[in-house]
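Colleague: Questions regarding the structure given below will be posed in turn.
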Amino acid sequence: MTGQPRYNLTELLACVAAGFIEDGRSAFVGTGFPVVVGMLAQRTHAPGLLIIFEAGGIGPRVPALPISVGDSRTYYKASGASSLHEVMSASQAGYVDYGFLGGAAMDCYGNINTTVIGDWAHPKARLPGSGGANDVGSFVWRAIYVLRQQSKRTFVNKLDFITTPGYLTGPGARERAGLPADTGPYRVITQLGVYGFDDDTKRLKLLALHPGATVDQVREASEFEIIIPEQIGVTAEPTDEQLRILHEIDPRGMVIGK
Amino acid sequence: MTGQPRYNLTELLACVAAGFIEDGRSAFVGTGFPVVVGMLAQRTHAPGLLIIFEAGGIGPRVPALPISVGDSRTYYKASGASSLHEVMSASQAGYVDYGFLGGAAMDCYGNINTTVIGDWAHPKARLPGSGGANDVGSFVWRAIYVLRQQSKRTFVNKLDFITTPGYLTGPGARERAGLPADTGPYRVITQLGVYGFDDDTKRLKLLALHPGATVDQVREASEFEIIIPEQIGVTAEPTDEQLRILHEIDPRGMVIGK
Amino acid sequence: MRDPIENSGELIGWHDPDENRRWVRENKSRAMTDKRTTVQEAVRKFVPDGCILAMGGFGHIRIPMALIYEIIRQRKRNITMLGKTAVHDIDLMIGGGCVSRVEVAYAFGHELRGLSPCGRRAVETGQVKVTGEISNAGYQWRFLAASMGVPFIPARSMLGTDTIKHSSAKIIEDPWSGKPIALLPACYPDVALFHVHRCDKFGNAQIDGIIIEDFELARAARRIVITTEKIIEHEEIERQPWRTAIPFYLVDAVIEVPFGAHPTEMPVTYYFDEEHIAHWLEVSKTPEGTQKYFEEYVFGVPDYDAYLEKIGGKRRMEELKRIMNLQPPSTGEAAP
Amino acid sequence: MRDPIENSGELIGWHDPDENRRWVRENKSRAMTDKRTTVQEAVRKFVPDGCILAMGGFGHIRIPMALIYEIIRQRKRNITMLGKTAVHDIDLMIGGGCVSRVEVAYAFGHELRGLSPCGRRAVETGQVKVTGEISNAGYQWRFLAASMGVPFIPARSMLGTDTIKHSSAKIIEDPWSGKPIALLPACYPDVALFHVHRCDKFGNAQIDGIIIEDFELARAARRIVITTEKIIEHEEIERQPWRTAIPFYLVDAVIEVPFGAHPTEMPVTYYFDEEHIAHWLEVSKTPEGTQKYFEEYVFGVPDYDAYLEKIGGKRRMEELKRIMNLQPPSTGEAAP
């Protein structure tokens, strides 16, 4: 093999994330990467995926990548262009299956921080806060995290601030807090592999490694201990067809070029 | 004087009721009589009256008498045609000044029954229930009652059922129950006269007699004791101009013919 | 915090939010599929005996009459009706023997047109049981709670009255002001029926005029059947997606039924058929007259088209359209 | 019933419902009067120092920029900003020294475009204080509570996190299910500013595209100022009154400001001015650059018209309209 690699990390992550989407379901997407994932799923195995944008866009035929959550492109040729109240209510009522989240840091239970680094009252760095992330993480049946910089600084023992709930302190904690039952983070995708959460402990568990990644790298890039089972899968590489579609979706490489 | 009287009871009541409406205020109106009152007020001293219909009509130029609360005529050339949620919320939030109510029976505190005659579980007669009446009576700043058949059967000591709140059990009772402060029935208009409520006891008090009516008739037509003050006014008779406008509003006498 | 004050009305249509979420997850497809069917099939499939039923529209406005006649024709039984201002719909269905229980905001009356002979007879003889009382705003907010997936919505009406005592609301102290406030429990109807102006085959529906309670009701009900004056292309929805009152993923069945609201009003389209409503109010004064009405207009006709022919067909419907369109500002010069 | 769990966020914008009702009764006229005024006068009159302020729109969508520039120009101070996803608006106003406090759902970031140099600098140095945290849905529902005149709305998000611990929500047991539920206190902004597509001189406003949180916000705020792309005749409102998103009786001032959302997006009308936004993000990296930006685009121009000239005038606005209208379905054949 010579020359350029056939795909970059973003393309790999998009294909992996799209693979978790079942057809005939609904997904909350934010701008950027999640839109690409949703569109890829729609154009491959999940044509019946209902895409919903937090500010009110319902089921658009997204013509080009939206720049903002409320961008007109989020309800271009859509079934509905409504309100935050409508889509957040629908999601609180159980109508939204998937949601994509990112974050500055995560702990072993999948809790996420996007609020502050350091002390809340006197932050070292102030981040934007929850936005709709807490709502998405509270309401969707299956939250999918994409954290492309797994390291000891992002997979941490203790978060400075829990912005968005993962499994909180472990099994049953979401329900005890009053969050909707049977929800929570479903998959975490990083530059190294794909993770789920252990049924008994609700702690992060490795499910599959990306091509070329190793268990040692996974262990090394985390402050907390990641459960490593006996059987570990290997992520499928993007097909040429998937790559072709990704370039169709994002011809200028706004998202997948990164 | 010979021949037909210049006006009938309904016309008198409409003129009296319209007189209580200040300009630049808002009123919830139901179908029938209240619409006539609202339109009369608009076409005389209160052109800036905002008329609101419970099912969503906001500020229509009512072209002809609506038959139902949600009739298209309730939002003909209107500022808004919205929802029960919108107008009920606005009224709960304090935006609606007046509301008109009727009823099968009333007690001395202005509580109204429109639900059952007899026992609730085994009624002698079943009436329609609250509809929006309880909401109107709870939320508007000044409820105006029109009860054209004052008698011992309609002005009663004890209601079979309190559908809509007047002053409940007396001073402060509305606030103690959690109803919005400073609200309650403002005027009661019957075939005999106009009533208000005593500041200290919140019991019904005669304010004015219609032309020809007497205090004895008022006393006679009530099971409970009505407060009769020293000074009692006399209702102004409809002017020719008012009558002309009433006939313009209701040319077929659907409401004022009764 | 003091214990909530309980009231005596039966709790109709409430589900634990988690239970309803699970039901939604398992039973409501998010796929945009062709949902066109027939009135017969929709009623057979989505209006089972014993269900909790609510109608879109309000009073005599935008009532899905084709579906209601079919419910009577299929002799559905033991329906619990949400009397969220239920007028012509509930009156006919009571007359048809379909309804055994009703929670009442407004029922048994026809507004200005008078009381319902049929409905009152049923409730006064015990044939129909009233499960509890509520107000119009109260019902609306029960649907709002369900549409949001929360167990209740707070409200400041009904307090202090027998209406709330016979409701399923609870009263707590507002933890900020300390003042009493009513909590209205969510209400998820098993099925809600709507008649709309325009709808695509997937169920994306547009409504002209006031939407009344339909925004919340459509999002509260577990199953939704929509009849529509006209089925339109999806492209028409796409042109102004902000006009979509009910999005497809809530909808289970779509049927094109022109004049499907007769004899009630279809806003800005056709007016009440006052003659027909008056006829019903007259004949329903006796059980025999009621039965005869159904034999003539429901059992005696195979479907809604035949019914429309019977009430005067195209000519009559054109008249009702004309009355709606006229609406001249009243001048006093001439009666319309 | 157990006592509610309290949280530590400062309670911003809450009023006892009775107190707010009284305010509404005394201060909001229901008369349909001509409310046209100027941007200068509206800001002078309705945006006092120290007020609690919220913007219509969302992020970079439909932001009333003419009013924001004027707030900066008039050197308003000590504003408490509702960060209900506040992006370009709050960033500029912080840069202009107008804002001292913010309750944060989302702030200090520009979504995909990156973080806000100016906003972050202010909060990390203590110039701007964060009063509490909340989520986007949470804020929306705080406005819903206010719009309904109730003290709170229940919600099932934020529970179990530090977001709720730093919010003004309380947690009680749902009296039906026994499960914990968040109560979000009503939020009545002192003033909310909107930019809309069409509005009559009385304030009846139409909005195309998503309405986001504007329905509830407009009904929650005590004072409302509306800028509009175009002032239309009242008759146009009357033709389709169901398109009225904000009815006149809520509105205190109306100003026609074509292109009044620049450089943010006016849905289906004109697109983001990415170049101008990128310019701001670049120059606002330093306090000096920020100051220079204001000298050039705010203090250096007398009004919004002059600003529009400066950013490229009619030609530039036509370009942004063209970008909006293009929106070709992505084919992969050619970049737009």
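Here's how to read the names in the structure tokens: chain A, B, ... by the order shown, residue numbers from 1 in each chain, ligand numbers from 1 in the order shown.
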Which residues are close to D:Lys84, i.e. within 12 Å by only C-alpha atoms, leaving aside same-chain residues fewer than 5 positions away? Reply as a PyMOL selection string.
Modeller: (chain A and resi 55+84+128-132) or (chain D and resi 53-59+89-90+102-108+132-143+187+189+192+212-214+217)
Colleague: Any chance you could export the current selection's C-alpha atoms as an mmCIF file, in the first residue's frame?
Modeller:
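Result written to result-v9.cif:
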```cif
data_model
loop_
_atom_site.group_PDB
_atom_site.id
_atom_site.type_symbol
_atom_site.label_atom_id
_atom_site.label_comp_id
_atom_site.auth_asym_id
_atom_site.auth_seq_id
_atom_site.Cartn_x
_atom_site.Cartn_y
_atom_site.Cartn_z
ATOM 1 C CA ALA A 55 -34.792 23.881 17.421
ATOM 2 C CA LEU A 84 -38.078 23.651 20.680
ATOM 3 C CA PRO A 128 -20.787 26.664 26.703
ATOM 4 C CA GLY A 129 -22.827 24.625 29.210
ATOM 5 C CA SER A 130 -25.543 22.096 28.536
ATOM 6 C CA GLY A 131 -27.352 23.628 25.601
ATOM 7 C CA GLY A 132 -29.668 20.815 24.598
ATOM 8 C CA LEU D 53 -33.125 40.500 28.952
ATOM 9 C CA ALA D 54 -33.893 37.679 26.508
ATOM 10 C CA MET D 55 -33.614 37.486 22.749
ATOM 11 C CA GLY D 56 -35.995 35.866 20.328
ATOM 12 C CA GLY D 57 -34.518 33.476 17.822
ATOM 13 C CA PHE D 58 -31.764 31.087 18.774
ATOM 14 C CA GLY D 59 -28.016 30.958 18.314
ATOM 15 C CA ASP D 89 -25.953 38.445 20.721
ATOM 16 C CA ILE D 90 -24.465 37.872 24.157
ATOM 17 C CA VAL D 102 -25.952 35.459 32.718
ATOM 18 C CA GLU D 103 -27.960 32.324 33.430
ATOM 19 C CA VAL D 104 -26.549 29.707 31.093
ATOM 20 C CA ALA D 105 -28.223 27.063 29.009
ATOM 21 C CA TYR D 106 -25.701 27.717 26.237
ATOM 22 C CA ALA D 107 -23.378 30.712 26.007
ATOM 23 C CA PHE D 108 -19.729 31.572 25.338
ATOM 24 C CA GLY D 132 -26.827 29.424 37.386
ATOM 25 C CA GLU D 133 -27.050 26.617 34.864
ATOM 26 C CA ILE D 134 -29.981 25.131 32.990
ATOM 27 C CA SER D 135 -30.660 23.184 29.777
ATOM 28 C CA ASN D 136 -32.251 24.419 26.555
ATOM 29 C CA ALA D 137 -35.497 22.543 27.173
ATOM 30 C CA GLY D 138 -35.427 23.719 30.769
ATOM 31 C CA TYR D 139 -35.284 27.376 29.750
ATOM 32 C CA GLN D 140 -38.026 26.863 27.210
ATOM 33 C CA TRP D 141 -40.243 25.396 29.904
ATOM 34 C CA ARG D 142 -39.447 28.193 32.358
ATOM 35 C CA PHE D 143 -40.910 30.510 29.702
ATOM 36 C CA CYS D 187 -39.160 33.020 34.185
ATOM 37 C CA PRO D 189 -37.871 38.425 31.433
ATOM 38 C CA ALA D 192 -37.570 40.350 25.187
ATOM 39 C CA ILE D 212 -38.002 27.914 18.268
ATOM 40 C CA GLU D 213 -38.888 29.311 21.732
ATOM 41 C CA ASP D 214 -40.545 32.508 20.594
ATOM 42 C CA LEU D 217 -40.916 33.733 25.327
#
```
Colleague: For chain B, which residues have at least one atom within 7 Å of chain C, if we go by only C-alpha atoms? Write them as a PyMOL selection string, please.
Modeller: chain B and resi 32+55-57+63-64+67-68+70-72+81-85+88+122-132+134-135+138+161-165+168+174+177-180+247-249+251-252
Colleague: Just need chain A moved onto chain B: least-squares over all Cα atoms matched in order, then output as a compact mmCIF listing (two decimals) with C-alpha atoms, in the first residue's frame.
Modeller:
```txt
# COMPACT_ATOMS: atom_id res chain seq x y z
CA MET A 1 -97.74 55.71 26.07
CA THR A 2 -99.42 53.25 23.83
CA GLY A 3 -98.40 50.33 21.66
CA GLN A 4 -95.24 48.25 21.96
CA PRO A 5 -92.69 49.02 24.64
CA ARG A 6 -89.60 50.76 23.30
CA TYR A 7 -87.28 47.89 24.36
CA ASN A 8 -87.45 44.39 25.73
CA LEU A 9 -85.68 42.86 28.74
CA THR A 10 -82.80 41.41 26.72
CA GLU A 11 -82.08 44.77 25.18
CA LEU A 12 -82.09 46.38 28.60
CA LEU A 13 -79.73 43.74 30.03
CA ALA A 14 -77.36 44.07 27.08
CA CYS A 15 -77.11 47.83 27.52
CA VAL A 16 -76.60 47.51 31.27
CA ALA A 17 -73.91 44.84 30.84
CA ALA A 18 -72.13 46.82 28.12
CA GLY A 19 -72.03 49.79 30.47
CA PHE A 20 -69.68 47.90 32.82
CA ILE A 21 -67.03 47.48 30.14
CA GLU A 22 -64.21 50.01 30.19
CA ASP A 23 -62.50 50.95 26.96
CA GLY A 24 -59.00 49.57 26.25
CA ARG A 25 -59.71 46.36 28.15
CA SER A 26 -60.28 42.75 27.12
CA ALA A 27 -63.25 40.44 27.49
CA PHE A 28 -63.83 36.72 27.16
CA VAL A 29 -67.09 36.24 25.36
CA GLY A 30 -69.10 33.11 24.80
CA THR A 31 -71.67 32.78 22.04
CA GLY A 32 -75.03 34.49 22.13
CA PHE A 33 -75.74 37.26 24.61
CA PRO A 34 -72.11 38.06 25.60
CA VAL A 35 -71.13 38.61 21.96
CA VAL A 36 -73.94 41.09 21.60
CA VAL A 37 -72.79 42.89 24.75
CA GLY A 38 -69.17 43.00 23.56
CA MET A 39 -70.13 44.27 20.13
CA LEU A 40 -72.44 46.89 21.61
CA ALA A 41 -69.65 48.14 23.89
CA GLN A 42 -67.26 48.26 20.92
CA ARG A 43 -69.72 50.28 18.87
CA THR A 44 -70.49 52.76 21.62
CA HIS A 45 -68.06 53.81 24.37
CA ALA A 46 -65.41 51.06 24.16
CA PRO A 47 -64.11 50.85 20.57
CA GLY A 48 -60.79 49.59 21.93
CA LEU A 49 -62.31 46.53 23.61
CA LEU A 50 -60.36 43.37 22.80
CA ILE A 51 -62.80 40.49 22.33
CA ILE A 52 -61.43 37.00 22.97
CA PHE A 53 -63.17 33.70 22.36
CA GLU A 54 -62.29 30.70 24.49
CA ALA A 55 -61.44 28.39 21.58
CA GLY A 56 -58.84 30.76 20.11
CA GLY A 57 -60.40 33.75 18.35
CA ILE A 58 -58.52 36.96 19.26
CA GLY A 59 -59.81 40.40 18.35
CA PRO A 60 -62.17 39.57 15.48
CA ARG A 61 -64.41 42.01 13.68
CA VAL A 62 -67.41 39.78 14.31
CA PRO A 63 -69.46 39.99 11.11
CA ALA A 64 -72.57 38.22 12.34
CA LEU A 65 -73.52 36.42 15.49
CA PRO A 66 -71.50 33.22 15.93
CA ILE A 67 -73.51 30.13 16.81
CA SER A 68 -70.66 28.22 18.48
CA VAL A 69 -67.66 29.26 20.55
CA GLY A 70 -65.34 28.05 17.80
CA ASP A 71 -67.43 29.27 14.84
CA SER A 72 -65.32 30.82 12.04
CA ARG A 73 -67.06 34.09 12.82
CA THR A 74 -65.14 34.21 16.11
CA TYR A 75 -61.93 34.91 14.20
CA TYR A 76 -63.26 36.70 11.14
CA LYS A 77 -60.82 39.50 10.29
CA ALA A 78 -59.12 38.78 13.63
CA SER A 79 -55.66 39.53 14.98
CA GLY A 80 -55.24 35.91 15.94
CA ALA A 81 -56.86 32.50 15.47
CA SER A 82 -55.03 30.37 17.95
CA SER A 83 -55.83 27.78 20.54
CA LEU A 84 -57.56 27.12 23.78
CA HIS A 85 -54.10 26.83 25.32
CA GLU A 86 -53.15 30.32 24.17
CA VAL A 87 -56.24 32.16 25.34
CA MET A 88 -56.67 30.23 28.57
CA SER A 89 -52.99 30.79 29.36
CA ALA A 90 -53.32 34.51 28.62
CA SER A 91 -56.28 34.67 30.90
CA GLN A 92 -54.54 32.71 33.68
CA ALA A 93 -51.64 35.17 33.30
CA GLY A 94 -53.92 38.16 33.87
CA TYR A 95 -54.49 39.49 30.36
CA VAL A 96 -58.29 39.13 30.35
CA ASP A 97 -60.33 41.70 32.22
CA TYR A 98 -63.95 40.69 31.79
CA GLY A 99 -65.84 37.48 31.35
CA PHE A 100 -69.55 36.81 31.09
CA LEU A 101 -71.20 33.93 32.87
CA GLY A 102 -74.66 32.54 33.30
CA GLY A 103 -75.91 29.58 35.29
CA ALA A 104 -78.79 27.52 36.56
CA ALA A 105 -78.41 28.77 40.13
CA MET A 106 -76.27 31.07 42.27
CA ASP A 107 -75.71 31.45 46.01
CA CYS A 108 -75.14 34.62 48.04
CA TYR A 109 -71.36 34.53 47.39
CA GLY A 110 -71.80 34.37 43.66
CA ASN A 111 -70.90 30.69 43.29
CA ILE A 112 -72.60 29.14 40.27
CA ASN A 113 -73.99 25.73 39.41
CA THR A 114 -74.12 24.49 35.83
CA THR A 115 -73.42 20.82 36.55
CA VAL A 116 -76.31 18.96 38.19
CA ILE A 117 -79.66 19.45 39.83
CA GLY A 118 -79.92 16.98 42.71
CA ASP A 119 -77.26 14.52 43.75
CA TRP A 120 -74.13 14.43 41.60
CA ALA A 121 -74.00 10.65 41.29
CA HIS A 122 -77.74 10.33 40.64
CA PRO A 123 -78.83 13.66 39.25
CA LYS A 124 -82.40 14.80 38.86
CA ALA A 125 -81.17 16.83 35.92
CA ARG A 126 -77.77 16.70 34.33
CA LEU A 127 -76.47 20.01 32.98
CA PRO A 128 -73.44 20.44 30.68
CA GLY A 129 -70.84 21.03 33.42
CA SER A 130 -68.18 23.70 33.62
CA GLY A 131 -67.08 23.99 30.02
CA GLY A 132 -64.87 27.05 30.16
CA ALA A 133 -67.01 28.72 32.84
CA ASN A 134 -64.90 27.67 35.81
CA ASP A 135 -61.77 28.89 34.02
CA VAL A 136 -63.36 32.22 33.14
CA GLY A 137 -64.70 32.62 36.66
CA SER A 138 -61.29 31.71 38.09
CA PHE A 139 -59.09 33.84 35.85
CA VAL A 140 -60.78 37.07 34.70
CA TRP A 141 -60.40 40.18 36.81
CA ARG A 142 -64.08 40.98 36.73
CA ALA A 143 -66.69 38.35 36.03
CA ILE A 144 -70.11 39.66 35.02
CA TYR A 145 -73.10 37.38 35.53
CA VAL A 146 -76.30 37.63 33.60
CA LEU A 147 -79.08 35.60 35.21
CA ARG A 148 -82.34 36.68 33.69
CA GLN A 149 -84.61 34.53 35.81
CA GLN A 150 -83.96 35.59 39.36
CA SER A 151 -86.21 33.62 41.70
CA LYS A 152 -86.14 31.53 44.83
CA ARG A 153 -85.11 28.61 42.60
CA THR A 154 -82.10 30.38 41.09
CA PHE A 155 -80.93 32.55 44.02
CA VAL A 156 -80.54 29.73 46.53
CA ASN A 157 -79.13 29.21 50.01
CA LYS A 158 -77.18 26.14 49.07
CA LEU A 159 -76.15 25.03 45.60
CA ASP A 160 -76.39 21.38 44.66
CA PHE A 161 -72.94 21.78 43.10
CA ILE A 162 -70.44 24.64 42.93
CA THR A 163 -69.30 24.49 39.32
CA THR A 164 -67.70 27.93 39.08
CA PRO A 165 -66.25 29.92 41.94
CA GLY A 166 -67.77 33.14 43.15
CA TYR A 167 -66.39 34.26 46.49
CA LEU A 168 -66.71 30.66 47.76
CA THR A 169 -67.36 31.01 51.53
CA GLY A 170 -66.67 34.72 51.86
CA PRO A 171 -63.80 37.20 52.23
CA GLY A 172 -60.36 35.76 51.43
CA ALA A 173 -61.73 32.33 50.52
CA ARG A 174 -60.69 32.57 46.87
CA GLU A 175 -57.13 33.44 47.81
CA ARG A 176 -56.99 30.73 50.47
CA ALA A 177 -58.13 28.19 47.86
CA GLY A 178 -55.31 29.30 45.54
CA LEU A 179 -57.36 31.21 42.97
CA PRO A 180 -55.76 34.34 41.48
CA ALA A 181 -55.89 37.28 43.85
CA ASP A 182 -58.32 40.20 43.46
CA THR A 183 -60.58 38.35 41.07
CA GLY A 184 -64.21 37.33 41.45
CA PRO A 185 -67.70 38.24 40.37
CA TYR A 186 -68.07 41.95 39.80
CA ARG A 187 -71.68 42.46 38.81
CA VAL A 188 -74.78 40.30 38.63
CA ILE A 189 -77.53 41.45 36.33
CA THR A 190 -81.03 39.98 36.53
CA GLN A 191 -84.47 40.91 35.27
CA LEU A 192 -84.91 43.02 38.40
CA GLY A 193 -81.70 44.92 38.84
CA VAL A 194 -77.95 45.09 39.19
CA TYR A 195 -75.99 43.64 42.09
CA GLY A 196 -72.45 43.80 43.39
CA PHE A 197 -70.80 42.14 46.37
CA ASP A 198 -70.34 43.73 49.76
CA ASP A 199 -66.69 44.53 50.45
CA ASP A 200 -66.74 43.20 54.00
CA THR A 201 -68.82 40.06 53.63
CA LYS A 202 -68.60 39.32 49.88
CA ARG A 203 -72.35 38.71 49.96
CA LEU A 204 -74.68 39.85 47.20
CA LYS A 205 -75.72 43.48 47.48
CA LEU A 206 -78.30 45.37 45.44
CA LEU A 207 -76.84 48.31 43.55
CA ALA A 208 -79.59 49.42 41.21
CA LEU A 209 -83.14 48.54 40.24
CA HIS A 210 -84.33 48.36 36.67
CA PRO A 211 -87.11 50.81 35.79
CA GLY A 212 -90.31 49.59 37.40
CA ALA A 213 -88.72 46.97 39.67
CA THR A 214 -89.01 47.19 43.46
CA VAL A 215 -86.95 46.20 46.47
CA ASP A 216 -89.76 43.92 47.55
CA GLN A 217 -89.60 42.07 44.26
CA VAL A 218 -85.84 41.70 44.74
CA ARG A 219 -86.27 40.29 48.26
CA GLU A 220 -89.08 38.05 47.16
CA ALA A 221 -87.06 36.51 44.35
CA SER A 222 -84.28 35.10 46.51
CA GLU A 223 -83.91 32.33 49.06
CA PHE A 224 -80.97 34.11 50.69
CA GLU A 225 -81.00 37.58 52.12
CA ILE A 226 -79.75 40.21 49.72
CA ILE A 227 -78.01 43.22 51.23
CA ILE A 228 -80.11 46.28 50.53
CA PRO A 229 -78.16 49.48 51.11
CA GLU A 230 -79.62 52.90 51.85
CA GLN A 231 -78.77 54.26 48.45
CA ILE A 232 -80.05 52.33 45.48
CA GLY A 233 -79.60 53.50 41.92
CA VAL A 234 -81.92 53.14 38.97
CA THR A 235 -80.76 51.53 35.78
CA ALA A 236 -80.58 53.84 32.80
CA GLU A 237 -82.94 52.89 30.01
CA PRO A 238 -81.46 52.01 26.65
CA THR A 239 -81.03 55.01 24.40
CA ASP A 240 -82.45 55.01 20.89
CA GLU A 241 -78.89 54.93 19.61
CA GLN A 242 -78.09 51.81 21.65
CA LEU A 243 -81.24 50.12 20.40
CA ARG A 244 -80.40 51.02 16.83
CA ILE A 245 -76.95 49.45 17.20
CA LEU A 246 -78.37 46.34 18.85
CA HIS A 247 -80.64 45.81 15.86
CA GLU A 248 -77.68 46.35 13.57
CA ILE A 249 -75.74 43.66 15.45
CA ASP A 250 -78.60 41.18 15.58
CA PRO A 251 -80.93 42.05 12.72
CA ARG A 252 -82.81 38.77 12.93
CA GLY A 253 -83.28 39.00 16.68
CA MET A 254 -81.51 35.68 17.32
CA VAL A 255 -80.42 36.92 20.73
CA ILE A 256 -82.17 40.19 21.41
CA GLY A 257 -85.51 38.91 20.16
CA LYS A 258 -85.70 36.56 23.13
```
Colleague: Residues of chain D within 8 Å of chain C: nearest atom pair and distance (Å, one decimal) for each, counting only C-alpha atoms, sorted by chain and number, as a tab-separated table?
Modeller:
```
residue	atom	partner	partner_atom	distance
D:Met1	CA	C:Asp3	CA	4.9
D:Arg2	CA	C:Met1	CA	5.9
D:Asp3	CA	C:Met1	CA	4.9
D:Pro4	CA	C:Pro175	CA	7.2
D:Asp16	CA	C:Ser177	CA	6.2
D:Val150	CA	C:Ala155	CA	6.3
D:Pro151	CA	C:Asp174	CA	7.1
D:Phe152	CA	C:Pro154	CA	7.3
D:Ile153	CA	C:Ile153	CA	6.7
D:Pro154	CA	C:Val150	CA	6.6
D:Ala155	CA	C:Val150	CA	6.3
D:Arg156	CA	C:Val150	CA	7.2
D:Asp174	CA	C:Pro151	CA	7.1
D:Pro175	CA	C:Pro4	CA	7.2
D:Trp176	CA	C:Pro151	CA	7.4
D:Ser177	CA	C:Asp16	CA	6.2
D:Asp208	CA	C:Trp242	CA	7.0
D:Gly209	CA	C:Trp242	CA	5.6
D:Ile210	CA	C:Trp242	CA	6.4
D:Gln240	CA	C:Gly209	CA	7.8
D:Pro241	CA	C:Gly209	CA	7.4
D:Trp242	CA	C:Gly209	CA	5.6
```
Colleague: Would you please work out which residue, of D:His197, D:Lys321, D:His276, D:Lys292, is nearest to D:Val257 when using only C-alpha atoms?
Modeller: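 Closest candidate: D:His197.
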Colleague: What is the atom CA of D:Phe299 to atom CA of D:Lys35 distance in Å?
Modeller: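 Spanning atom CA of D:Phe299 to atom CA of D:Lys35 is a straight-line distance of 26.9 Å.
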Colleague: What's the 12 Å shell around C:Glu41, counting only C-alpha atoms, without same-chain residues fewer than 4 positions away, as a VMD selection string?
Modeller: chain C and resid 35 to 37 45 to 48 67 70 to 71 74 225 252 to 255
Colleague: With only C-alpha atoms as the counted atoms, please give the residues lying no more than 8 Å from C:Cys199, apart from itself and same-chain residues fewer than 4 positions off, as a PyMOL selection string.
Modeller: chain C and resi 203-206+228+230-232+254
Colleague: Please produce a file of those selected residues containing C-alpha atoms, as a PDB file, in the first residue's frame.
Modeller:
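Output saved as part_4.pdb:
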```pdb
ATOM      1  CA  GLY C 203     -50.193  11.915   7.990  1.00  0.00           C
ATOM      2  CA  ASN C 204     -48.642  15.395   7.927  1.00  0.00           C
ATOM      3  CA  ALA C 205     -51.727  17.534   8.514  1.00  0.00           C
ATOM      4  CA  GLN C 206     -52.562  21.215   8.070  1.00  0.00           C
ATOM      5  CA  THR C 228     -59.095  15.010   5.662  1.00  0.00           C
ATOM      6  CA  LYS C 230     -58.201  16.438   0.722  1.00  0.00           C
ATOM      7  CA  ILE C 231     -55.072  14.318   0.540  1.00  0.00           C
ATOM      8  CA  ILE C 232     -52.274  16.478  -0.788  1.00  0.00           C
ATOM      9  CA  VAL C 254     -55.294   8.735   6.962  1.00  0.00           C
TER      10      VAL C 254
END
```
Colleague: Atom CA of D:Gly50 and atom CA of D:Ser284, how far apart in Å?
Modeller: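 Separating atom CA of D:Ser284 from atom CA of D:Gly50 is a distance of 24.3 Å.
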Colleague: Would you return as a ChimeraX atom specification the members of stretch 40-243 of chain A that DSSP assigns to helix (DSSP H, G or I) on this structure's backbone?
Modeller: /A:40-43,72-75,84-92,133-139,173-177,215-220,240-243
Colleague: Using DSSP on the backbone, list every residue of stretch 3-202 of chain C that comes out as strand (DSSP E), and give them as a ChimeraX atom specification.
Modeller: /C:52-55,79-84,99-106,129-133,152-155,170-173,180-185,191-199
